[in-house]
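As provided, upload16.txt (compact mmCIF, N, CA and C atoms and all ligand atoms) reads as follows.
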# COMPACT_ATOMS: atom_id res chain seq x y z
N MET C 256 0.83 -1.22 0.00
CA MET C 256 0.00 0.00 0.00
C MET C 256 0.87 1.26 0.00
N ASN C 257 1.74 1.33 1.00
CA ASN C 257 2.63 2.48 1.10
C ASN C 257 3.44 2.69 -0.18
N PHE C 258 3.91 1.60 -0.67
CA PHE C 258 4.73 1.65 -1.87
C PHE C 258 3.96 2.29 -3.03
N CYS C 259 2.69 1.89 -3.14
CA CYS C 259 1.87 2.43 -4.21
C CYS C 259 1.73 3.93 -4.11
N LYS C 260 1.51 4.40 -2.90
CA LYS C 260 1.35 5.86 -2.70
C LYS C 260 2.59 6.60 -3.19
N HIS C 261 3.76 6.03 -2.78
CA HIS C 261 5.01 6.69 -3.19
C HIS C 261 5.13 6.74 -4.69
N GLU C 262 4.75 5.62 -5.28
CA GLU C 262 4.90 5.54 -6.72
C GLU C 262 4.08 6.64 -7.40
N LYS C 263 2.89 6.87 -6.85
CA LYS C 263 2.06 7.93 -7.44
C LYS C 263 2.75 9.28 -7.31
N LYS C 264 3.34 9.48 -6.14
CA LYS C 264 4.01 10.77 -5.93
C LYS C 264 5.12 10.97 -6.95
N TYR C 265 5.91 9.89 -7.15
CA TYR C 265 7.03 10.00 -8.10
C TYR C 265 6.52 10.27 -9.50
N LEU C 266 5.43 9.58 -9.84
CA LEU C 266 4.87 9.78 -11.17
C LEU C 266 4.46 11.23 -11.36
N ALA C 267 3.80 11.77 -10.33
CA ALA C 267 3.35 13.16 -10.41
C ALA C 267 4.56 14.08 -10.57
N LEU C 268 5.60 13.77 -9.82
CA LEU C 268 6.81 14.59 -9.87
C LEU C 268 7.44 14.57 -11.25
N ILE C 269 7.51 13.34 -11.80
CA ILE C 269 8.12 13.20 -13.12
C ILE C 269 7.30 13.96 -14.16
N LEU C 270 5.97 13.83 -14.04
CA LEU C 270 5.10 14.55 -14.97
C LEU C 270 5.34 16.05 -14.89
N LEU C 271 5.44 16.53 -13.65
CA LEU C 271 5.65 17.95 -13.42
C LEU C 271 6.96 18.41 -14.06
N LEU C 272 8.01 17.61 -13.82
CA LEU C 272 9.31 17.94 -14.38
C LEU C 272 9.25 18.00 -15.91
N CYS C 273 8.55 17.02 -16.48
CA CYS C 273 8.44 16.99 -17.93
C CYS C 273 7.77 18.25 -18.46
N THR C 274 6.67 18.64 -17.80
CA THR C 274 5.99 19.83 -18.30
C THR C 274 6.86 21.06 -18.12
N LEU C 275 7.57 21.12 -17.00
CA LEU C 275 8.45 22.27 -16.77
C LEU C 275 9.50 22.36 -17.87
N VAL C 276 10.13 21.23 -18.17
CA VAL C 276 11.19 21.21 -19.16
C VAL C 276 10.65 21.60 -20.53
N SER C 277 9.50 21.05 -20.90
CA SER C 277 9.00 21.37 -22.23
C SER C 277 8.55 22.82 -22.31
N CYS C 278 8.03 23.34 -21.19
CA CYS C 278 7.64 24.76 -21.15
C CYS C 278 8.85 25.63 -21.41
N LYS C 279 9.93 25.30 -20.72
CA LYS C 279 11.14 26.09 -20.82
C LYS C 279 11.64 26.13 -22.26
N LYS C 280 11.63 24.95 -22.87
CA LYS C 280 12.10 24.87 -24.24
C LYS C 280 11.27 25.79 -25.13
N GLU C 281 9.95 25.75 -24.92
CA GLU C 281 9.08 26.55 -25.77
C GLU C 281 9.37 28.03 -25.64
N THR C 282 9.49 28.52 -24.38
CA THR C 282 9.72 29.96 -24.22
C THR C 282 11.07 30.35 -24.79
N GLN C 283 12.06 29.48 -24.67
CA GLN C 283 13.36 29.82 -25.23
C GLN C 283 13.27 29.96 -26.73
N GLU C 284 12.55 29.02 -27.33
CA GLU C 284 12.45 29.05 -28.78
C GLU C 284 11.70 30.28 -29.26
N THR C 285 10.60 30.62 -28.57
CA THR C 285 9.80 31.73 -29.06
C THR C 285 10.41 33.09 -28.72
N SER C 286 11.12 33.18 -27.58
CA SER C 286 11.62 34.51 -27.20
C SER C 286 12.93 34.85 -27.91
N GLY C 287 13.66 33.85 -28.37
CA GLY C 287 14.97 34.11 -28.95
C GLY C 287 14.96 35.08 -30.11
N LYS C 288 14.09 34.84 -31.08
CA LYS C 288 14.15 35.66 -32.29
C LYS C 288 13.52 37.05 -32.16
N PRO C 289 12.28 37.16 -31.66
CA PRO C 289 11.68 38.49 -31.59
C PRO C 289 12.52 39.46 -30.76
N GLU C 290 13.20 38.94 -29.73
CA GLU C 290 14.00 39.81 -28.87
C GLU C 290 15.07 40.53 -29.68
N ASN C 291 15.74 39.78 -30.55
CA ASN C 291 16.77 40.39 -31.38
C ASN C 291 16.21 41.49 -32.26
N LYS C 292 15.02 41.25 -32.77
CA LYS C 292 14.40 42.24 -33.64
C LYS C 292 14.15 43.54 -32.90
N THR C 293 13.58 43.43 -31.67
CA THR C 293 13.21 44.66 -30.96
C THR C 293 14.45 45.45 -30.53
N THR C 294 15.52 44.78 -30.11
CA THR C 294 16.67 45.54 -29.66
C THR C 294 17.31 46.28 -30.83
N ALA C 295 17.22 45.72 -32.02
CA ALA C 295 17.83 46.38 -33.17
C ALA C 295 17.05 47.63 -33.56
N LYS C 296 15.75 47.59 -33.33
CA LYS C 296 14.91 48.68 -33.81
C LYS C 296 14.54 49.69 -32.74
N VAL C 297 14.83 49.39 -31.48
CA VAL C 297 14.31 50.19 -30.38
C VAL C 297 14.79 51.65 -30.47
N SER C 298 13.87 52.56 -30.16
CA SER C 298 14.22 53.98 -30.27
C SER C 298 14.72 54.53 -28.95
N GLY C 299 15.42 55.64 -29.03
CA GLY C 299 15.94 56.28 -27.83
C GLY C 299 14.82 56.63 -26.85
N GLN C 300 13.71 57.10 -27.40
CA GLN C 300 12.60 57.47 -26.53
C GLN C 300 12.05 56.26 -25.79
N GLU C 301 11.95 55.14 -26.51
CA GLU C 301 11.44 53.92 -25.87
C GLU C 301 12.35 53.48 -24.73
N LEU C 302 13.65 53.56 -24.99
CA LEU C 302 14.61 53.18 -23.96
C LEU C 302 14.53 54.13 -22.78
N PHE C 303 14.39 55.40 -23.09
CA PHE C 303 14.39 56.41 -22.04
C PHE C 303 13.17 56.26 -21.13
N GLU C 304 12.02 55.99 -21.76
CA GLU C 304 10.78 55.89 -20.97
C GLU C 304 10.54 54.48 -20.47
N GLY C 305 11.07 53.49 -21.19
CA GLY C 305 10.79 52.11 -20.83
C GLY C 305 11.90 51.47 -20.03
N ALA C 306 12.75 50.71 -20.73
CA ALA C 306 13.80 49.92 -20.06
C ALA C 306 14.67 50.75 -19.13
N GLY C 307 15.00 51.96 -19.54
CA GLY C 307 15.90 52.78 -18.74
C GLY C 307 15.22 53.41 -17.53
N ASN C 308 13.92 53.61 -17.64
CA ASN C 308 13.13 54.27 -16.59
C ASN C 308 13.73 55.64 -16.23
N CYS C 309 14.30 56.30 -17.22
CA CYS C 309 14.98 57.57 -16.98
C CYS C 309 13.99 58.69 -16.65
N THR C 310 12.76 58.56 -17.14
CA THR C 310 11.76 59.62 -16.91
C THR C 310 11.44 59.78 -15.43
N ALA C 311 11.77 58.78 -14.62
CA ALA C 311 11.55 58.90 -13.18
C ALA C 311 12.29 60.11 -12.62
N CYS C 312 13.42 60.45 -13.22
CA CYS C 312 14.24 61.55 -12.69
C CYS C 312 14.51 62.66 -13.70
N HIS C 313 14.20 62.44 -14.96
CA HIS C 313 14.49 63.47 -15.98
C HIS C 313 13.23 63.82 -16.77
N LYS C 314 12.91 65.10 -16.80
CA LYS C 314 11.80 65.60 -17.63
C LYS C 314 12.40 66.50 -18.70
N PRO C 315 11.69 66.68 -19.83
CA PRO C 315 12.24 67.48 -20.93
C PRO C 315 12.69 68.88 -20.52
N ASP C 316 11.82 69.64 -19.84
CA ASP C 316 12.16 71.06 -19.64
C ASP C 316 12.13 71.51 -18.19
N GLN C 317 12.23 70.54 -17.29
CA GLN C 317 12.07 70.91 -15.89
C GLN C 317 12.98 70.04 -15.05
N LYS C 318 13.70 70.64 -14.13
CA LYS C 318 14.55 69.84 -13.25
C LYS C 318 13.67 69.20 -12.18
N ILE C 319 13.75 67.89 -12.04
CA ILE C 319 13.07 67.26 -10.91
C ILE C 319 14.16 66.67 -10.01
N ILE C 320 14.38 65.38 -10.08
CA ILE C 320 15.49 64.81 -9.30
C ILE C 320 16.80 65.02 -10.06
N GLY C 321 16.72 64.78 -11.35
CA GLY C 321 17.87 65.03 -12.21
C GLY C 321 17.64 66.27 -13.06
N PRO C 322 18.70 66.76 -13.70
CA PRO C 322 18.57 67.93 -14.57
C PRO C 322 17.64 67.66 -15.75
N SER C 323 17.06 68.72 -16.31
CA SER C 323 16.17 68.55 -17.46
C SER C 323 16.96 68.08 -18.67
N LEU C 324 16.24 67.48 -19.62
CA LEU C 324 16.91 67.00 -20.83
C LEU C 324 17.46 68.17 -21.63
N GLN C 325 16.76 69.30 -21.59
CA GLN C 325 17.26 70.49 -22.28
C GLN C 325 18.61 70.91 -21.72
N GLU C 326 18.71 70.90 -20.41
CA GLU C 326 19.97 71.31 -19.78
C GLU C 326 21.09 70.33 -20.13
N ILE C 327 20.78 69.03 -20.05
CA ILE C 327 21.80 68.02 -20.37
C ILE C 327 22.24 68.19 -21.82
N ALA C 328 21.25 68.32 -22.73
CA ALA C 328 21.56 68.43 -24.15
C ALA C 328 22.42 69.65 -24.42
N LYS C 329 22.06 70.78 -23.81
CA LYS C 329 22.80 72.02 -24.04
C LYS C 329 24.24 71.86 -23.55
N THR C 330 24.40 71.35 -22.34
CA THR C 330 25.75 71.20 -21.78
C THR C 330 26.60 70.27 -22.64
N TYR C 331 26.01 69.16 -23.06
CA TYR C 331 26.80 68.20 -23.84
C TYR C 331 27.14 68.74 -25.23
N LYS C 332 26.23 69.56 -25.79
CA LYS C 332 26.54 70.14 -27.10
C LYS C 332 27.61 71.21 -26.96
N ASP C 333 27.47 72.06 -25.94
CA ASP C 333 28.45 73.13 -25.72
C ASP C 333 29.85 72.55 -25.55
N LYS C 334 29.93 71.47 -24.77
CA LYS C 334 31.25 70.92 -24.47
C LYS C 334 31.68 69.84 -25.44
N LYS C 335 30.81 69.55 -26.41
CA LYS C 335 31.07 68.48 -27.38
C LYS C 335 31.48 67.19 -26.67
N ALA C 336 30.75 66.88 -25.61
CA ALA C 336 31.06 65.68 -24.83
C ALA C 336 30.17 64.52 -25.27
N SER C 337 30.51 63.32 -24.82
CA SER C 337 29.78 62.13 -25.23
C SER C 337 28.90 61.58 -24.11
N ILE C 338 27.59 61.55 -24.37
CA ILE C 338 26.67 60.98 -23.38
C ILE C 338 26.87 59.46 -23.31
N VAL C 339 27.21 58.87 -24.46
CA VAL C 339 27.46 57.42 -24.47
C VAL C 339 28.58 57.07 -23.48
N ALA C 340 29.68 57.84 -23.55
CA ALA C 340 30.81 57.58 -22.64
C ALA C 340 30.38 57.76 -21.18
N PHE C 341 29.57 58.81 -20.94
CA PHE C 341 29.12 59.04 -19.57
C PHE C 341 28.30 57.85 -19.06
N LEU C 342 27.40 57.33 -19.92
CA LEU C 342 26.51 56.23 -19.50
C LEU C 342 27.26 54.91 -19.38
N GLN C 343 28.47 54.86 -19.93
CA GLN C 343 29.32 53.67 -19.76
C GLN C 343 30.27 53.87 -18.58
N GLU C 344 30.09 54.96 -17.87
CA GLU C 344 30.93 55.34 -16.73
C GLU C 344 32.38 55.53 -17.15
N GLN C 345 32.55 56.05 -18.35
CA GLN C 345 33.91 56.27 -18.84
C GLN C 345 34.30 57.74 -18.84
N SER C 346 33.33 58.61 -18.53
CA SER C 346 33.69 60.03 -18.42
C SER C 346 32.99 60.64 -17.21
N ASP C 347 33.51 61.76 -16.77
CA ASP C 347 33.01 62.38 -15.54
C ASP C 347 31.74 63.19 -15.80
N PRO C 348 30.93 63.38 -14.75
CA PRO C 348 29.72 64.20 -14.90
C PRO C 348 30.10 65.66 -15.16
N ILE C 349 29.33 66.33 -16.04
CA ILE C 349 29.63 67.74 -16.33
C ILE C 349 28.40 68.62 -16.13
N VAL C 350 27.25 68.01 -15.90
CA VAL C 350 26.03 68.82 -15.75
C VAL C 350 25.83 69.21 -14.29
N ASP C 351 25.82 68.23 -13.42
CA ASP C 351 25.60 68.52 -11.99
C ASP C 351 26.39 67.53 -11.13
N PRO C 352 27.72 67.70 -11.13
CA PRO C 352 28.59 66.72 -10.44
C PRO C 352 28.23 66.51 -8.97
N SER C 353 27.60 67.52 -8.33
CA SER C 353 27.27 67.38 -6.90
C SER C 353 26.22 66.28 -6.67
N GLN C 354 25.44 65.98 -7.71
CA GLN C 354 24.39 64.96 -7.58
C GLN C 354 24.77 63.64 -8.26
N TYR C 355 26.03 63.52 -8.60
CA TYR C 355 26.48 62.38 -9.39
C TYR C 355 26.12 61.03 -8.75
N GLU C 356 26.21 60.96 -7.42
CA GLU C 356 25.95 59.69 -6.73
C GLU C 356 24.56 59.13 -7.07
N VAL C 357 23.58 60.05 -7.21
CA VAL C 357 22.20 59.62 -7.51
C VAL C 357 22.14 59.00 -8.90
N MET C 358 22.82 59.65 -9.85
CA MET C 358 22.80 59.17 -11.23
C MET C 358 23.57 57.86 -11.37
N LYS C 359 24.60 57.71 -10.56
CA LYS C 359 25.46 56.52 -10.65
C LYS C 359 24.69 55.20 -10.51
N THR C 360 23.59 55.23 -9.76
CA THR C 360 22.82 54.00 -9.54
C THR C 360 22.27 53.44 -10.84
N ASN C 361 22.21 54.28 -11.89
CA ASN C 361 21.63 53.81 -13.16
C ASN C 361 22.64 53.13 -14.07
N PHE C 362 23.90 53.19 -13.71
CA PHE C 362 24.90 52.64 -14.62
C PHE C 362 24.77 51.12 -14.76
N ALA C 363 24.19 50.48 -13.76
CA ALA C 363 23.96 49.03 -13.88
C ALA C 363 23.08 48.75 -15.10
N ILE C 364 22.08 49.63 -15.31
CA ILE C 364 21.19 49.45 -16.46
C ILE C 364 21.89 49.88 -17.75
N THR C 365 22.47 51.08 -17.73
CA THR C 365 23.01 51.61 -18.99
C THR C 365 24.22 50.82 -19.47
N LYS C 366 24.99 50.27 -18.52
CA LYS C 366 26.16 49.49 -18.95
C LYS C 366 25.75 48.16 -19.57
N SER C 367 24.52 47.72 -19.27
CA SER C 367 24.06 46.47 -19.88
C SER C 367 23.47 46.72 -21.27
N MET C 368 23.35 47.99 -21.65
CA MET C 368 22.81 48.30 -22.97
C MET C 368 23.93 48.25 -24.02
N SER C 369 23.52 47.97 -25.25
CA SER C 369 24.52 47.92 -26.32
C SER C 369 24.92 49.34 -26.72
N GLU C 370 26.03 49.44 -27.41
CA GLU C 370 26.52 50.72 -27.92
C GLU C 370 25.43 51.40 -28.76
N GLU C 371 24.73 50.58 -29.54
CA GLU C 371 23.69 51.09 -30.43
C GLU C 371 22.54 51.70 -29.62
N GLU C 372 22.17 51.02 -28.54
CA GLU C 372 21.09 51.52 -27.69
C GLU C 372 21.50 52.81 -26.99
N LEU C 373 22.75 52.86 -26.52
CA LEU C 373 23.23 54.06 -25.85
C LEU C 373 23.29 55.24 -26.82
N LYS C 374 23.66 54.96 -28.05
CA LYS C 374 23.71 56.00 -29.07
C LYS C 374 22.29 56.52 -29.32
N ALA C 375 21.32 55.62 -29.34
CA ALA C 375 19.92 56.03 -29.54
C ALA C 375 19.47 56.93 -28.38
N LEU C 376 19.87 56.58 -27.16
CA LEU C 376 19.55 57.40 -25.99
C LEU C 376 20.19 58.78 -26.12
N GLU C 377 21.45 58.79 -26.54
CA GLU C 377 22.17 60.05 -26.69
C GLU C 377 21.48 60.95 -27.71
N ASP C 378 21.13 60.37 -28.86
CA ASP C 378 20.45 61.15 -29.90
C ASP C 378 19.13 61.71 -29.38
N TYR C 379 18.42 60.87 -28.62
CA TYR C 379 17.13 61.31 -28.08
C TYR C 379 17.33 62.51 -27.15
N ILE C 380 18.31 62.42 -26.26
CA ILE C 380 18.56 63.50 -25.29
C ILE C 380 19.03 64.77 -26.01
N LEU C 381 19.96 64.61 -26.95
CA LEU C 381 20.51 65.78 -27.66
C LEU C 381 19.42 66.51 -28.46
N GLY C 382 18.39 65.79 -28.83
CA GLY C 382 17.29 66.39 -29.57
C GLY C 382 16.53 67.46 -28.79
N PHE C 383 16.79 67.57 -27.50
CA PHE C 383 16.05 68.53 -26.68
C PHE C 383 16.71 69.91 -26.60
N SER C 384 17.89 70.05 -27.13
CA SER C 384 18.51 71.38 -27.10
C SER C 384 18.07 72.15 -28.34
N ASN C 385 17.99 73.47 -28.21
CA ASN C 385 17.58 74.20 -29.41
C ASN C 385 18.56 75.30 -29.79
C1 LIG Q 401 17.22 58.12 -9.60
C2 LIG Q 401 17.12 59.26 -10.44
C3 LIG Q 401 17.72 59.17 -11.84
C4 LIG Q 401 17.42 58.27 -12.84
C5 LIG Q 401 16.42 57.10 -12.77
C6 LIG Q 401 18.21 58.65 -13.98
N1 LIG Q 401 18.98 59.74 -13.69
FE1 LIG Q 401 20.26 60.70 -14.95
N2 LIG Q 401 20.74 62.00 -13.48
C7 LIG Q 401 20.22 62.02 -12.21
C8 LIG Q 401 20.84 63.07 -11.43
C9 LIG Q 401 20.54 63.42 -10.00
C10 LIG Q 401 21.76 63.69 -12.30
C11 LIG Q 401 22.70 64.86 -11.95
C12 LIG Q 401 24.06 64.31 -11.61
C13 LIG Q 401 25.01 64.28 -12.76
O1 LIG Q 401 25.08 65.25 -13.52
O2 LIG Q 401 25.69 63.25 -12.92
C14 LIG Q 401 21.67 62.99 -13.58
C15 LIG Q 401 22.43 63.30 -14.71
C16 LIG Q 401 22.31 62.70 -15.94
C17 LIG Q 401 23.09 63.06 -17.11
C18 LIG Q 401 24.12 64.20 -17.17
C19 LIG Q 401 25.47 63.64 -16.73
C20 LIG Q 401 26.50 64.69 -16.51
O3 LIG Q 401 27.43 64.78 -17.34
O4 LIG Q 401 26.48 65.41 -15.51
C21 LIG Q 401 22.71 62.24 -18.11
C22 LIG Q 401 23.24 62.22 -19.54
C23 LIG Q 401 21.70 61.34 -17.58
N3 LIG Q 401 21.49 61.66 -16.25
C24 LIG Q 401 21.06 60.36 -18.30
C25 LIG Q 401 20.18 59.44 -17.74
C26 LIG Q 401 19.64 58.31 -18.45
C27 LIG Q 401 19.91 58.00 -19.92
C28 LIG Q 401 18.84 57.62 -17.58
C29 LIG Q 401 18.09 56.33 -17.80
C30 LIG Q 401 18.91 55.19 -18.19
C31 LIG Q 401 18.89 58.33 -16.31
N4 LIG Q 401 19.72 59.41 -16.46
C32 LIG Q 401 18.20 57.96 -15.18
C33 LIG Q 401 19.25 61.17 -11.71
C34 LIG Q 401 18.71 60.09 -12.39
Have the structure of the file written as structure tokens, please.
Amino acid sequence: MNFCKHEKKYLALILLLCTLVSCKKETQETSGKPENKTTAKVSGQELFEGAGNCTACHKPDQKIIGPSLQEIAKTYKDKKASIVAFLQEQSDPIVDPSQYEVMKTNFAITKSMSEEELKALEDYILGFSN
């Protein structure tokens, strides 16, 4: 009797494992290709508002937690500096160095972005200067 109960448990476990494994395979297969497509096409604005969540601290024309995009764009154009380098933590802050620590927390996200994505972000930000 006892043996039978155990056997049922093992069967259930094996079934569960099988479904888990096949599920995993399916999601890997379906997510692999579309993902590549979206990263290649993604716009700076999408990154800024979506994956980057930069809008939490940056607004186009108003300083909130971080400087406005207009201010950042103007400073970077005046100094001919690279936002891409800044987001890769390869250059020093030039807009508001006193608040640099707050911005630094985002480098985990921006450093995981591709050069192409960072360039899209840079173009988006620079578009705010006039
Ligand atoms: C938690 C709030 C916060 C978030 C989220 C945030 N920033 Fe910032 N950011 C700041 C602050 C504060 C500064 C001012 C400090 C400084 O200039 O480094 C700043 C400055 C900047 C600067 C100017 C750097 C310089 O040279 O001084 C750029 C460019 C920038 N942020 C881009 C981004 C991008 C792109 C994202 C999204 C990936 C982002 N920020 C998300 C707070 C934030």
Distance CA of Ser298 (chain C)-CA of Asp351 (chain C), one decimal place?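 Pair CA of Ser298 (chain C) / CA of Asp351 (chain C) returns 26.0 Å.
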Between C:Ala336, C:Leu324, C:Ile380, C:Leu342, single out the one closest to Met358 (chain C), counting only C-alpha atoms. C:Leu342
Please identify all protein, DNA and RNA residues within 6 Å of ligand LIG 401 (chain Q), counting all atoms listed in the file, and report them as a CSV table (one decimal) with N, CA and C atoms, in the coordinates of the input.
chain,number,residue,atom,x,y,z
C,303,PHE,N,14.4,55.4,-23.1
C,303,PHE,CA,14.4,56.4,-22.0
C,303,PHE,C,13.2,56.3,-21.1
C,307,GLY,N,15.0,52.0,-19.5
C,307,GLY,CA,15.9,52.8,-18.7
C,307,GLY,C,15.2,53.4,-17.5
C,308,ASN,N,13.9,53.6,-17.6
C,308,ASN,CA,13.1,54.3,-16.6
C,308,ASN,C,13.7,55.6,-16.2
C,309,CYS,N,14.3,56.3,-17.2
C,309,CYS,CA,15.0,57.6,-17.0
C,309,CYS,C,14.0,58.7,-16.6
C,310,THR,N,12.8,58.6,-17.1
C,310,THR,CA,11.8,59.6,-16.9
C,310,THR,C,11.4,59.8,-15.4
C,311,ALA,N,11.8,58.8,-14.6
C,311,ALA,CA,11.6,58.9,-13.2
C,311,ALA,C,12.3,60.1,-12.6
C,312,CYS,N,13.4,60.4,-13.2
C,312,CYS,CA,14.2,61.6,-12.7
C,312,CYS,C,14.5,62.7,-13.7
C,313,HIS,N,14.2,62.4,-15.0
C,313,HIS,CA,14.5,63.5,-16.0
C,313,HIS,C,13.2,63.8,-16.8
C,320,ILE,N,14.4,65.4,-10.1
C,320,ILE,CA,15.5,64.8,-9.3
C,320,ILE,C,16.8,65.0,-10.1
C,321,GLY,N,16.7,64.8,-11.4
C,321,GLY,CA,17.9,65.0,-12.2
C,321,GLY,C,17.6,66.3,-13.1
C,322,PRO,N,18.7,66.8,-13.7
C,322,PRO,CA,18.6,67.9,-14.6
C,322,PRO,C,17.6,67.7,-15.8
C,327,ILE,N,20.8,69.0,-20.0
C,327,ILE,CA,21.8,68.0,-20.4
C,327,ILE,C,22.2,68.2,-21.8
C,338,ILE,N,27.6,61.6,-24.4
C,338,ILE,CA,26.7,61.0,-23.4
C,338,ILE,C,26.9,59.5,-23.3
C,347,ASP,N,33.5,61.8,-16.8
C,347,ASP,CA,33.0,62.4,-15.5
C,347,ASP,C,31.7,63.2,-15.8
C,348,PRO,N,30.9,63.4,-14.8
C,348,PRO,CA,29.7,64.2,-14.9
C,348,PRO,C,30.1,65.7,-15.2
C,349,ILE,N,29.3,66.3,-16.0
C,349,ILE,CA,29.6,67.7,-16.3
C,349,ILE,C,28.4,68.6,-16.1
C,350,VAL,N,27.2,68.0,-15.9
C,350,VAL,CA,26.0,68.8,-15.8
C,350,VAL,C,25.8,69.2,-14.3
C,351,ASP,N,25.8,68.2,-13.4
C,351,ASP,CA,25.6,68.5,-12.0
C,351,ASP,C,26.4,67.5,-11.1
C,352,PRO,N,27.7,67.7,-11.1
C,352,PRO,CA,28.6,66.7,-10.4
C,352,PRO,C,28.2,66.5,-9.0
C,353,SER,N,27.6,67.5,-8.3
C,353,SER,CA,27.3,67.4,-6.9
C,353,SER,C,26.2,66.3,-6.7
C,354,GLN,N,25.4,66.0,-7.7
C,354,GLN,CA,24.4,65.0,-7.6
C,354,GLN,C,24.8,63.6,-8.3
C,355,TYR,N,26.0,63.5,-8.6
C,355,TYR,CA,26.5,62.4,-9.4
C,355,TYR,C,26.1,61.0,-8.8
C,356,GLU,N,26.2,61.0,-7.4
C,356,GLU,CA,26.0,59.7,-6.7
C,356,GLU,C,24.6,59.1,-7.1
C,357,VAL,N,23.6,60.0,-7.2
C,357,VAL,CA,22.2,59.6,-7.5
C,357,VAL,C,22.1,59.0,-8.9
C,358,MET,N,22.8,59.6,-9.8
C,358,MET,CA,22.8,59.2,-11.2
C,358,MET,C,23.6,57.9,-11.4
C,361,ASN,N,22.2,54.3,-11.9
C,361,ASN,CA,21.6,53.8,-13.2
C,361,ASN,C,22.6,53.1,-14.1
C,365,THR,N,22.5,51.1,-17.7
C,365,THR,CA,23.0,51.6,-19.0
C,365,THR,C,24.2,50.8,-19.5
Which residue is closest to Asn385 (chain C)? Choose from C:Ile364, C:Leu373, C:Val339, C:Lys329 and count only C-alpha atoms.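 Closest candidate: C:Lys329.
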So what do you get for atom N of Phe362 (chain C) versus atom N of Glu326 (chain C), distance-wise?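 That distance, rounded to one decimal, is 19.6 Å.
Relative to atom N of Gln300 (chain C), atom N of Ala375 (chain C) is found at 8.0 Å.
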Could you work out an axis-aligned bounding box for all listed atoms of region 308-324 of chain C, with 6 Å added on each of the six sides, and give its centre and edge lengths in Å to one decimal, as lines of an AutoDock Vina configuration file?
center_x = 15.1
center_y = 62.6
center_z = -15.5
size_x = 19.3
size_y = 29.9
size_z = 24.3
